[in-house]
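S.K.: Pasting final.txt here (compact mmCIF, C-alpha atoms):
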# COMPACT_ATOMS: atom_id res chain seq x y z
CA MET W 1 0.00 0.00 0.00
CA ILE W 2 1.28 3.48 -0.88
CA GLN W 3 2.07 5.54 2.20
CA GLN W 4 0.01 8.68 2.62
CA ALA W 5 1.43 12.12 3.32
CA LEU W 6 0.97 11.84 7.11
CA THR W 7 1.62 8.12 7.56
CA GLY W 8 3.71 7.65 10.71
CA GLN W 9 2.57 10.93 12.31
CA ARG W 10 0.85 10.58 15.68
CA VAL W 11 -1.70 13.25 16.58
CA LEU W 12 -2.62 13.61 20.25
CA ASP W 13 -6.03 15.29 20.24
CA PHE W 14 -7.39 16.83 23.45
CA SER W 15 -10.17 18.74 21.64
CA THR W 16 -13.93 18.21 21.79
CA LEU W 17 -17.09 19.12 19.88
CA LEU W 18 -16.35 20.48 16.36
CA PRO W 19 -13.26 22.52 15.37
CA GLY W 20 -10.48 20.32 16.76
CA PRO W 21 -12.14 16.99 15.97
CA MET W 22 -12.78 18.08 12.37
CA CYS W 23 -9.15 19.16 12.10
CA SER W 24 -7.88 15.80 13.36
CA LEU W 25 -10.38 13.97 11.11
CA MET W 26 -8.74 15.57 8.07
CA LEU W 27 -5.29 14.67 9.38
CA ALA W 28 -6.47 11.08 9.90
CA GLU W 29 -7.80 10.95 6.35
CA ALA W 30 -4.32 12.00 5.19
CA GLY W 31 -2.81 9.03 7.00
CA ALA W 32 -2.07 10.27 10.54
CA GLU W 33 -2.71 8.12 13.60
CA VAL W 34 -5.09 10.16 15.78
CA VAL W 35 -5.35 9.38 19.48
CA LYS W 36 -8.32 11.15 21.04
CA VAL W 37 -7.90 11.96 24.75
CA GLU W 38 -11.22 11.93 26.62
CA ARG W 39 -12.59 12.18 30.15
CA PRO W 40 -13.19 8.82 31.84
CA GLY W 41 -16.88 7.96 32.08
CA HIS W 42 -18.14 10.86 29.95
CA GLY W 43 -15.83 11.43 27.02
CA ASP W 44 -16.33 14.15 24.46
CA GLU W 45 -19.62 15.98 25.14
CA MET W 46 -20.48 15.43 21.47
CA ARG W 47 -21.05 11.73 22.27
CA SER W 48 -24.24 12.64 24.14
CA TYR W 49 -25.90 14.54 21.30
CA VAL W 50 -28.84 13.17 19.29
CA PRO W 51 -29.64 11.50 16.99
CA LYS W 52 -27.54 8.41 17.67
CA LEU W 53 -25.51 6.11 15.47
CA GLY W 54 -24.92 3.05 17.61
CA THR W 55 -24.32 4.08 21.21
CA ASP W 56 -23.10 7.62 20.56
CA SER W 57 -24.26 10.61 18.55
CA VAL W 58 -24.13 10.67 14.78
CA ASN W 59 -22.22 13.97 15.07
CA PHE W 60 -19.49 12.24 17.05
CA ALA W 61 -19.47 9.34 14.60
CA LEU W 62 -18.99 11.60 11.57
CA LEU W 63 -16.22 13.67 13.15
CA ASN W 64 -14.24 10.85 14.77
CA ARG W 65 -14.27 8.09 12.16
CA GLY W 66 -11.08 6.04 12.14
CA LYS W 67 -9.54 7.51 15.32
CA ARG W 68 -8.51 5.84 18.60
CA SER W 69 -9.82 6.84 22.02
CA ILE W 70 -8.13 6.79 25.40
CA ALA W 71 -9.75 7.85 28.66
CA ILE W 72 -7.44 9.78 30.99
CA ASP W 73 -8.17 11.80 34.13
CA LEU W 74 -5.96 14.83 33.52
CA LYS W 75 -6.58 16.10 37.06
CA SER W 76 -4.93 13.03 38.61
CA SER W 77 -1.15 12.67 38.89
CA ALA W 78 -1.26 9.29 37.15
CA GLY W 79 -3.34 10.64 34.30
CA LEU W 80 -1.10 13.66 33.92
CA GLU W 81 1.98 11.45 33.67
CA GLN W 82 0.26 9.31 31.05
CA ALA W 83 -0.59 12.39 29.00
CA LYS W 84 2.98 13.68 29.26
CA ALA W 85 4.35 10.31 28.15
CA LEU W 86 2.03 10.37 25.14
CA ALA W 87 3.01 13.93 24.27
CA ALA W 88 6.69 13.03 24.44
CA GLU W 89 6.13 10.41 21.73
CA SER W 90 3.68 12.39 19.57
CA ASP W 91 4.31 14.53 16.51
CA ILE W 92 1.30 16.85 16.70
CA LEU W 93 -0.91 17.95 19.60
CA ILE W 94 -4.30 19.64 19.25
CA GLU W 95 -6.06 21.34 22.15
CA GLN W 96 -9.16 23.50 22.33
CA PHE W 97 -9.37 24.63 25.94
CA ARG W 98 -9.53 28.26 26.98
CA PRO W 99 -6.11 29.92 26.99
CA GLY W 100 -4.01 28.88 29.98
CA VAL W 101 -5.92 25.71 30.88
CA MET W 102 -3.36 23.30 29.42
CA ALA W 103 -0.50 25.17 31.12
CA ARG W 104 -2.28 24.99 34.49
CA LEU W 105 -2.64 21.24 34.00
CA GLY W 106 1.10 20.97 33.36
CA LEU W 107 0.59 20.30 29.64
CA GLY W 108 1.45 23.70 28.20
CA PHE W 109 3.64 24.12 25.15
CA ASP W 110 6.71 25.20 27.11
CA GLU W 111 6.48 22.20 29.44
CA LEU W 112 6.03 19.66 26.65
CA ARG W 113 8.61 21.25 24.36
CA ALA W 114 11.28 20.55 26.99
CA THR W 115 10.88 16.80 26.46
CA ASN W 116 9.77 16.86 22.81
CA PRO W 117 11.22 19.81 20.88
CA ARG W 118 9.74 18.45 17.62
CA LEU W 119 6.17 18.70 18.90
CA ILE W 120 3.79 20.81 16.81
CA TYR W 121 1.33 22.19 19.37
CA CYS W 122 -1.91 23.58 17.90
CA SER W 123 -4.21 25.63 20.14
CA ILE W 124 -7.66 26.38 18.70
CA SER W 125 -9.71 28.98 20.55
CA GLY W 126 -12.40 31.54 19.91
CA TYR W 127 -10.39 34.73 20.26
CA GLY W 128 -6.81 33.49 20.37
CA GLN W 129 -4.33 32.95 23.18
CA VAL W 130 -3.87 36.66 24.00
CA GLY W 131 -6.01 39.80 23.85
CA PRO W 132 -8.87 41.36 25.85
CA LEU W 133 -11.38 38.72 24.67
CA ALA W 134 -9.10 35.70 25.02
CA ASN W 135 -11.01 34.15 27.93
CA VAL W 136 -14.53 35.25 26.99
CA ALA W 137 -17.00 32.39 26.57
CA ALA W 138 -18.55 32.32 23.10
CA HIS W 139 -19.87 30.14 20.27
CA ASP W 140 -19.89 30.38 16.50
CA LEU W 141 -22.68 32.99 16.38
CA ASN W 142 -20.78 35.21 18.81
CA TYR W 143 -17.63 35.16 16.69
CA LEU W 144 -19.67 36.08 13.61
CA ALA W 145 -21.25 38.96 15.52
CA GLU W 146 -17.95 40.24 16.94
CA SER W 147 -16.16 40.14 13.59
CA GLY W 148 -18.84 42.12 11.72
CA MET W 149 -19.79 39.20 9.46
CA LEU W 150 -23.25 38.74 10.95
CA ALA W 151 -24.10 42.39 10.24
CA LEU W 152 -23.67 41.69 6.51
CA THR W 153 -26.65 39.30 6.49
CA ALA W 154 -30.26 40.42 6.42
CA GLY W 155 -33.68 38.81 6.48
CA ALA W 156 -36.89 40.23 5.08
CA ASP W 157 -37.26 42.57 8.05
CA GLY W 158 -33.65 43.75 7.86
CA SER W 159 -32.43 41.90 10.95
CA PRO W 160 -29.37 39.60 10.73
CA VAL W 161 -30.18 35.99 9.89
CA LEU W 162 -28.71 32.85 11.42
CA PRO W 163 -26.18 31.31 9.01
CA PRO W 164 -26.87 27.65 8.08
CA ALA W 165 -23.19 26.72 8.51
CA LEU W 166 -20.82 26.98 11.47
CA VAL W 167 -18.48 29.29 9.61
CA ALA W 168 -16.22 30.19 12.53
CA ASP W 169 -15.82 26.64 13.83
CA ILE W 170 -15.03 25.16 10.43
CA GLY W 171 -13.78 27.98 8.19
CA GLY W 172 -12.13 29.92 11.03
CA GLY W 173 -10.99 27.00 13.18
CA ALA W 174 -10.69 23.53 11.66
CA TYR W 175 -9.48 24.49 8.19
CA PRO W 176 -6.84 27.03 9.28
CA ALA W 177 -5.65 24.56 11.92
CA VAL W 178 -5.01 21.89 9.30
CA MET W 179 -3.32 24.40 7.00
CA ASN W 180 -0.97 25.65 9.70
CA ILE W 181 -0.20 22.18 11.03
CA LEU W 182 0.87 21.06 7.57
CA LEU W 183 3.02 24.18 7.14
CA ALA W 184 4.58 23.48 10.54
CA VAL W 185 5.34 19.89 9.48
CA MET W 186 7.20 21.25 6.44
CA GLN W 187 9.08 23.75 8.59
CA ARG W 188 10.05 20.99 11.04
CA GLN W 189 11.54 19.00 8.18
CA ARG W 190 14.03 21.86 7.68
CA THR W 191 14.64 22.95 11.28
CA GLY W 192 13.94 19.81 13.32
CA LEU W 193 11.80 21.89 15.68
CA GLY W 194 8.10 22.11 16.38
CA CYS W 195 6.18 25.27 17.25
CA HIS W 196 3.06 26.63 18.96
CA LEU W 197 0.18 27.51 16.61
CA ASP W 198 -2.36 30.06 17.89
CA ILE W 199 -5.54 29.53 15.84
CA SER W 200 -8.22 32.14 16.54
CA MET W 201 -11.62 31.40 15.02
CA ALA W 202 -12.69 35.05 15.23
CA ASP W 203 -9.46 36.32 13.64
CA ASN W 204 -9.84 34.01 10.67
CA LEU W 205 -13.34 35.25 9.81
CA PHE W 206 -11.96 38.52 8.47
CA THR W 207 -10.31 36.67 5.59
CA PHE W 208 -13.77 35.78 4.26
CA MET W 209 -14.67 39.47 4.12
CA TYR W 210 -11.73 40.61 1.98
CA TRP W 211 -14.03 42.50 -0.40
CA ALA W 212 -15.83 44.34 2.41
CA LEU W 213 -12.56 45.31 4.08
CA GLY W 214 -11.17 46.52 0.77
CA ASN W 215 -14.21 48.71 0.11
CA GLY W 216 -14.04 50.16 3.61
CA TRP W 217 -10.32 50.81 3.75
CA ALA W 218 -9.84 52.06 0.19
CA VAL W 219 -12.83 54.34 -0.32
CA ASN W 220 -14.55 54.36 3.09
CA GLN W 221 -17.56 52.50 1.70
CA TRP W 222 -18.23 50.06 4.51
CA PRO W 223 -20.94 47.64 3.34
CA GLY W 224 -24.04 46.83 5.31
CA ALA W 225 -26.69 44.15 5.02
CA GLY W 226 -28.31 44.03 1.60
CA ASP W 227 -26.39 46.85 -0.05
CA ALA W 228 -23.24 45.27 -1.52
CA LEU W 229 -22.43 43.08 -4.50
CA VAL W 230 -22.78 39.74 -2.71
CA THR W 231 -25.17 40.75 0.07
CA GLY W 232 -28.21 41.74 -1.96
CA GLY W 233 -27.27 45.09 -3.44
CA THR W 234 -27.57 43.99 -7.06
CA PRO W 235 -30.12 42.04 -9.14
CA ARG W 236 -27.19 40.00 -10.43
CA TYR W 237 -26.72 38.11 -7.16
CA GLN W 238 -30.10 37.20 -5.74
CA VAL W 239 -32.46 34.39 -4.78
CA TYR W 240 -35.80 34.76 -6.56
CA ARG W 241 -39.11 33.08 -5.65
CA THR W 242 -40.89 31.11 -8.40
CA ALA W 243 -44.63 30.73 -9.02
CA ASP W 244 -44.72 27.45 -7.09
CA ASN W 245 -42.89 28.84 -4.04
CA LYS W 246 -39.53 27.36 -4.93
CA PHE W 247 -36.40 29.40 -5.48
CA LEU W 248 -34.00 30.30 -8.24
CA ALA W 249 -30.38 31.17 -7.38
CA ALA W 250 -29.22 33.75 -9.89
CA ALA W 251 -25.59 34.90 -9.99
CA PRO W 252 -25.05 36.39 -13.46
CA LEU W 253 -22.48 38.87 -12.17
CA GLU W 254 -20.39 39.33 -15.31
CA GLN W 255 -21.93 41.30 -18.18
CA LYS W 256 -21.97 38.35 -20.59
CA PHE W 257 -23.96 36.27 -18.08
CA TRP W 258 -26.31 39.18 -17.32
CA GLU W 259 -27.03 39.63 -21.02
CA THR W 260 -27.93 35.94 -21.30
CA PHE W 261 -30.04 36.17 -18.15
CA VAL W 262 -32.21 39.10 -19.29
CA ARG W 263 -32.64 37.46 -22.72
CA ILE W 264 -33.92 34.21 -21.19
CA ILE W 265 -36.38 35.98 -18.90
CA ASP W 266 -37.57 38.09 -21.88
CA ALA W 267 -36.68 41.40 -20.26
CA PRO W 268 -34.32 43.32 -22.58
CA GLN W 269 -35.47 46.54 -20.94
CA LEU W 270 -33.57 45.49 -17.79
CA LEU W 271 -30.19 45.16 -19.49
CA ASP W 272 -28.91 48.39 -17.96
CA ASP W 273 -29.35 47.72 -14.26
CA GLN W 274 -26.94 50.40 -13.00
CA PRO W 275 -29.24 53.42 -12.62
CA ASP W 276 -31.64 51.59 -10.28
CA PRO W 277 -30.33 48.23 -9.01
CA GLN W 278 -33.07 47.79 -6.42
CA GLY W 279 -35.79 48.62 -8.90
CA THR W 280 -34.30 46.12 -11.34
CA THR W 281 -34.24 43.50 -8.60
CA ARG W 282 -37.94 44.03 -7.92
CA ALA W 283 -38.72 43.84 -11.64
CA VAL W 284 -36.81 40.58 -12.03
CA ALA W 285 -38.57 39.17 -8.97
CA ARG W 286 -41.96 39.88 -10.53
CA ILE W 287 -40.94 38.09 -13.74
CA ILE W 288 -39.50 35.03 -11.99
CA ALA W 289 -42.70 34.76 -9.94
CA THR W 290 -44.74 34.19 -13.11
CA ARG W 291 -43.33 30.73 -13.87
CA THR W 292 -42.69 27.54 -11.91
CA ALA W 293 -39.27 26.31 -10.87
CA ALA W 294 -39.47 23.51 -13.44
CA GLU W 295 -40.25 25.97 -16.22
CA TRP W 296 -37.28 28.16 -15.31
CA ALA W 297 -35.02 25.13 -14.95
CA LEU W 298 -35.93 24.09 -18.49
CA ARG W 299 -35.30 27.58 -19.84
CA PHE W 300 -31.88 27.87 -18.18
CA ALA W 301 -30.85 24.24 -18.74
CA GLN W 302 -28.68 24.94 -21.79
CA ALA W 303 -27.78 28.53 -20.92
CA ASP W 304 -24.43 29.75 -19.65
CA ALA W 305 -25.87 32.18 -17.11
CA CYS W 306 -24.89 31.01 -13.60
CA VAL W 307 -28.49 30.22 -12.65
CA ASN W 308 -29.87 27.10 -10.95
CA LEU W 309 -32.59 25.92 -8.60
CA VAL W 310 -32.14 25.95 -4.84
CA GLN W 311 -31.85 22.28 -3.87
CA SER W 312 -32.85 20.78 -0.55
CA LEU W 313 -30.02 19.03 1.25
CA GLN W 314 -31.88 15.74 0.84
CA ASP W 315 -31.93 16.22 -2.93
CA ALA W 316 -28.39 17.59 -3.12
CA VAL W 317 -26.76 14.46 -1.68
CA LYS W 318 -28.50 12.41 -4.41
CA HIS W 319 -27.54 14.74 -7.25
CA PRO W 320 -25.93 12.74 -10.09
CA HIS W 321 -22.90 15.05 -10.11
CA PHE W 322 -21.96 14.44 -6.47
CA VAL W 323 -22.78 10.74 -6.80
CA ALA W 324 -20.51 10.47 -9.85
CA ARG W 325 -17.66 12.09 -7.91
CA GLY W 326 -18.02 9.53 -5.11
CA LEU W 327 -18.49 12.22 -2.51
CA PHE W 328 -20.45 9.96 -0.16
CA ARG W 329 -18.82 6.67 -1.07
CA ARG W 330 -17.01 6.12 2.23
CA VAL W 331 -18.90 4.76 5.20
CA VAL W 332 -18.83 5.18 8.96
CA GLN W 333 -20.18 2.11 10.73
CA GLN W 334 -20.91 1.11 14.30
CA GLY W 335 -22.31 -2.36 14.84
CA GLU W 336 -25.24 -2.82 12.48
CA SER W 337 -25.63 0.93 11.90
CA ALA W 338 -23.92 2.61 8.95
CA ILE W 339 -24.19 5.93 7.11
CA PRO W 340 -22.06 7.74 4.51
CA ALA W 341 -18.94 9.27 6.04
CA LEU W 342 -18.48 13.03 6.23
CA PRO W 343 -16.80 14.35 3.07
CA THR W 344 -13.63 16.30 3.80
CA PRO W 345 -11.55 18.49 1.45
CA ILE W 346 -8.67 16.00 1.28
CA ALA W 347 -7.93 15.31 -2.40
CA ALA W 348 -8.67 11.77 -3.55
CA GLY W 349 -5.03 11.14 -4.45
CA LEU W 350 -3.93 11.86 -0.86
CA ARG W 351 -6.44 9.55 0.81
CA SER W 352 -6.10 5.86 1.48
CA VAL W 353 -7.32 3.71 -1.39
CA ASP W 354 -8.88 1.41 1.20
CA ASP W 355 -12.60 2.19 1.22
CA ARG W 356 -13.63 -0.27 3.92
CA PRO W 357 -16.13 1.02 6.49
CA LEU W 358 -14.49 2.57 9.55
CA ALA W 359 -15.98 2.87 13.02
CA TYR W 360 -15.74 5.72 15.48
CA PRO W 361 -13.89 4.80 18.69
CA VAL W 362 -15.65 3.52 21.78
CA LEU W 363 -14.64 5.60 24.80
CA GLY W 364 -11.30 4.34 26.14
CA GLU W 365 -10.98 1.46 23.67
CA GLY W 366 -7.29 2.29 23.17
CA ASN W 367 -6.30 2.28 26.84
CA PRO W 368 -5.05 -1.34 26.98
CA ASP W 369 -2.52 -1.05 24.17
CA ILE W 370 -1.79 2.69 23.85
CA LEU W 371 -1.29 3.18 27.61
CA GLU W 372 0.12 -0.26 28.34
CA GLY W 373 2.62 -0.04 31.18
CA GLY W 374 2.13 3.72 31.39
CA LYS W 375 4.06 4.20 28.16
CA ALA W 376 3.09 5.42 24.74
CA PRO W 377 3.99 2.71 22.19
CA ARG W 378 4.20 3.65 18.51
Please express what this file holds, its structure, as structure tokens.

M.R.:
Amino acid sequence: MIQQALTGQRVLDFSTLLPGPMCSLMLAEAGAEVVKVERPGHGDEMRSYVPKLGTDSVNFALLNRGKRSIAIDLKSSAGLEQAKALAAESDILIEQFRPGVMARLGLGFDELRATNPRLIYCSISGYGQVGPLANVAAHDLNYLAESGMLALTAGADGSPVLPPALVADIGGGAYPAVMNILLAVMQRQRTGLGCHLDISMADNLFTFMYWALGNGWAVNQWPGAGDALVTGGTPRYQVYRTADNKFLAAAPLEQKFWETFVRIIDAPQLLDDQPDPQGTTRAVARIIATRTAAEWALRFAQADACVNLVQSLQDAVKHPHFVARGLFRRVVQQGESAIPALPTPIAAGLRSVDDRPLAYPVLGEGNPDILEGGKAPR
């Protein structure tokens, strides 16, 4: 079998819930051995969520497929020594506690670096390891609000709307963590030394708003909800309701696409949308509302106009395109229960070619061999 990029790398994962576990899932899919450290008796809080797949939550199953689990009491001297022994033999460590917690436990970067200078130590937190908000309790919605991203969304009444994705946890936490860990692995190959990575979910949200920051800094045009190019300020980037109460996603931003769009909806009078963008949007909405979703789908089927129907998630996972790409081919299984595994952005050529179903770890299943004799065998 061809070795993957991270074959032979041990990841010691102290994180829970979403950002850290998704990060270590991607590392596992690239070949790393992930050892998940959990509380005895309870484990990751995500295990208790519903619905269930087997004995634990489906959320936990999707995020922890193919990992190992050990149960250690980090507040006991014996547990602390076990964790230190594991860290001394690990290549990468992921933690998601509030800043300072790991150091107070005796598992901070400086302490562990003394015995393992090659250790890449990744800390994922809401607001980073330092700063006035570093120890403030928050969740994904709070980071979106604090960063200004939530203010760029608007419902029918003008109030911010709840995003359907956990943008901060995944786009601001898990993905940047993987990116920086891989960069640190490359740096270690040259220097022989690990490093401490400070991943702030709130910090990383600003990258998504590059266009808004550019407008604000360059010409002092700070966008608000519904008044910018991709937030509803143009008829060329909108969701329109059809006659049968379905929706058309229209993104004909470039002029060539807009020209095709107005031709297909039989509205040449709307070609120049610049004098009154909002009025044009209302006019397009009235036209789209005269036909059903199926009728519009047929009209746009052969057109190069960046227009399609809004799919339900249930329909999207069965779409022939995603099926043909094998997006949901892999399986997570526990006992007699099995569902498609969570797709991750690891390229097919970097994954294992072995597509056998993988289980999520039972709490503490790895204690007998991973912690045998109080050591950390590789």

S.K.: Please identify all polymer residues within 9 Å of range 304-309 of chain W, counting only C-alpha atoms, omitting same-chain residues fewer than 6 positions from it, and present them as a PDB file with C-alpha atoms, keeping the file's coordinate frame.

M.R.:
ATOM      1  CA  LYS W 246     -39.530  27.360  -4.930  1.00  0.00           C
ATOM      2  CA  PHE W 247     -36.400  29.400  -5.480  1.00  0.00           C
ATOM      3  CA  LEU W 248     -34.000  30.300  -8.240  1.00  0.00           C
ATOM      4  CA  ALA W 249     -30.380  31.170  -7.380  1.00  0.00           C
ATOM      5  CA  ALA W 250     -29.220  33.750  -9.890  1.00  0.00           C
ATOM      6  CA  ALA W 251     -25.590  34.900  -9.990  1.00  0.00           C
ATOM      7  CA  PRO W 252     -25.050  36.390 -13.460  1.00  0.00           C
ATOM      8  CA  LEU W 253     -22.480  38.870 -12.170  1.00  0.00           C
ATOM      9  CA  LYS W 256     -21.970  38.350 -20.590  1.00  0.00           C
ATOM     10  CA  PHE W 257     -23.960  36.270 -18.080  1.00  0.00           C
ATOM     11  CA  TRP W 258     -26.310  39.180 -17.320  1.00  0.00           C
ATOM     12  CA  GLU W 259     -27.030  39.630 -21.020  1.00  0.00           C
ATOM     13  CA  THR W 260     -27.930  35.940 -21.300  1.00  0.00           C
ATOM     14  CA  PHE W 261     -30.040  36.170 -18.150  1.00  0.00           C
ATOM     15  CA  ALA W 293     -39.270  26.310 -10.870  1.00  0.00           C
ATOM     16  CA  ALA W 294     -39.470  23.510 -13.440  1.00  0.00           C
ATOM     17  CA  TRP W 296     -37.280  28.160 -15.310  1.00  0.00           C
ATOM     18  CA  ALA W 297     -35.020  25.130 -14.950  1.00  0.00           C
TER      19      ALA W 297
END

S.K.: Give me, please, the distance in Å between CA of Leu358 in chain W and CA of Val332 in chain W, quoted to one decimal.

M.R.: 5.1 Å

S.K.: Just give me the gap between CA of Gly108 in chain W and CA of Val185 in chain W in Å, one decimal is fine.

M.R.: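 Going from CA of Gly108 in chain W over to CA of Val185 in chain W covers 19.5 Å.
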
S.K.: Can you tell me which residues surround range 320-324 of chain W at a distance of at most 12 Å, considering all atoms listed in the file, apart from same-chain residues fewer than 6 positions away, and format the answer as a PyMOL selection string?

M.R.: chain W and resi 330+340+343

S.K.: Please check which residues have atoms at most 12 Å from (-7.8, 11.2, -5.6) in the file's coordinates, counting only C-alpha atoms, and write them as a list of chain:residue names.

M.R.: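 Applying the cut-off with only C-alpha atoms, one gets W:Gln4, W:Glu29, W:Ala30, W:Arg325, W:Gly326, W:Leu327, W:Pro345, W:Ile346, W:Ala347, W:Ala348, W:Gly349, W:Leu350, W:Arg351, W:Ser352, W:Val353, W:Asp354.
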
S.K.: So that I can check the surroundings of range 196-211 of chain W, please list as a ChimeraX atom specification every protein, DNA and RNA residue that reaches within 8 Å of it, counting all atoms listed in the file and ignoring chain neighbours fewer than 4 positions away.

M.R.: /W:109,120-129,143-144,146-147,149,167-169,171-173,176-177,180-181,215

S.K.: Write out as a list in words the residues lying within 10 Å of Met102 in chain W, counting all atoms listed in the file and excluding same-chain residues fewer than 4 positions away.

M.R.: Phe14, Leu74, Glu95, Gln96, Phe97, Arg98, Gly106, Leu107, Gly108, Phe109, Glu111 and Ser123 of chain W

S.K.: What does the structure give for the distance between CA of Arg118 in chain W and CA of Asn367 in chain W, in Å to one decimal?

M.R.: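 Separation of CA of Arg118 in chain W and CA of Asn367 in chain W: 24.6 Å.
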
S.K.: Compare W:Leu119, W:Leu162, W:Ile339, W:Val239 by their minimum atom-to-atom distance to Gln187 in chain W, counting only C-alpha atoms, and give me the closest one.

M.R.: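 Once distances to Gln187 in chain W are computed over only C-alpha atoms, the minimum belongs to W:Leu119.
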
S.K.: With distances taken over only C-alpha atoms, which of W:Asn116, W:Gly131, W:Ile170, W:Leu270 is nearest to Thr344 in chain W?

M.R.: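 Among W:Asn116, W:Gly131, W:Ile170, W:Leu270, it is W:Ile170 that comes nearest to Thr344 in chain W.
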
S.K.: Which residues are close to Gly224 in chain W, i.e. within 10 Å by only C-alpha atoms, leaving aside same-chain residues fewer than 5 positions away? Reply as an MDAnalysis selection string.

M.R.: chainID W and resid 148:154 212 231:233
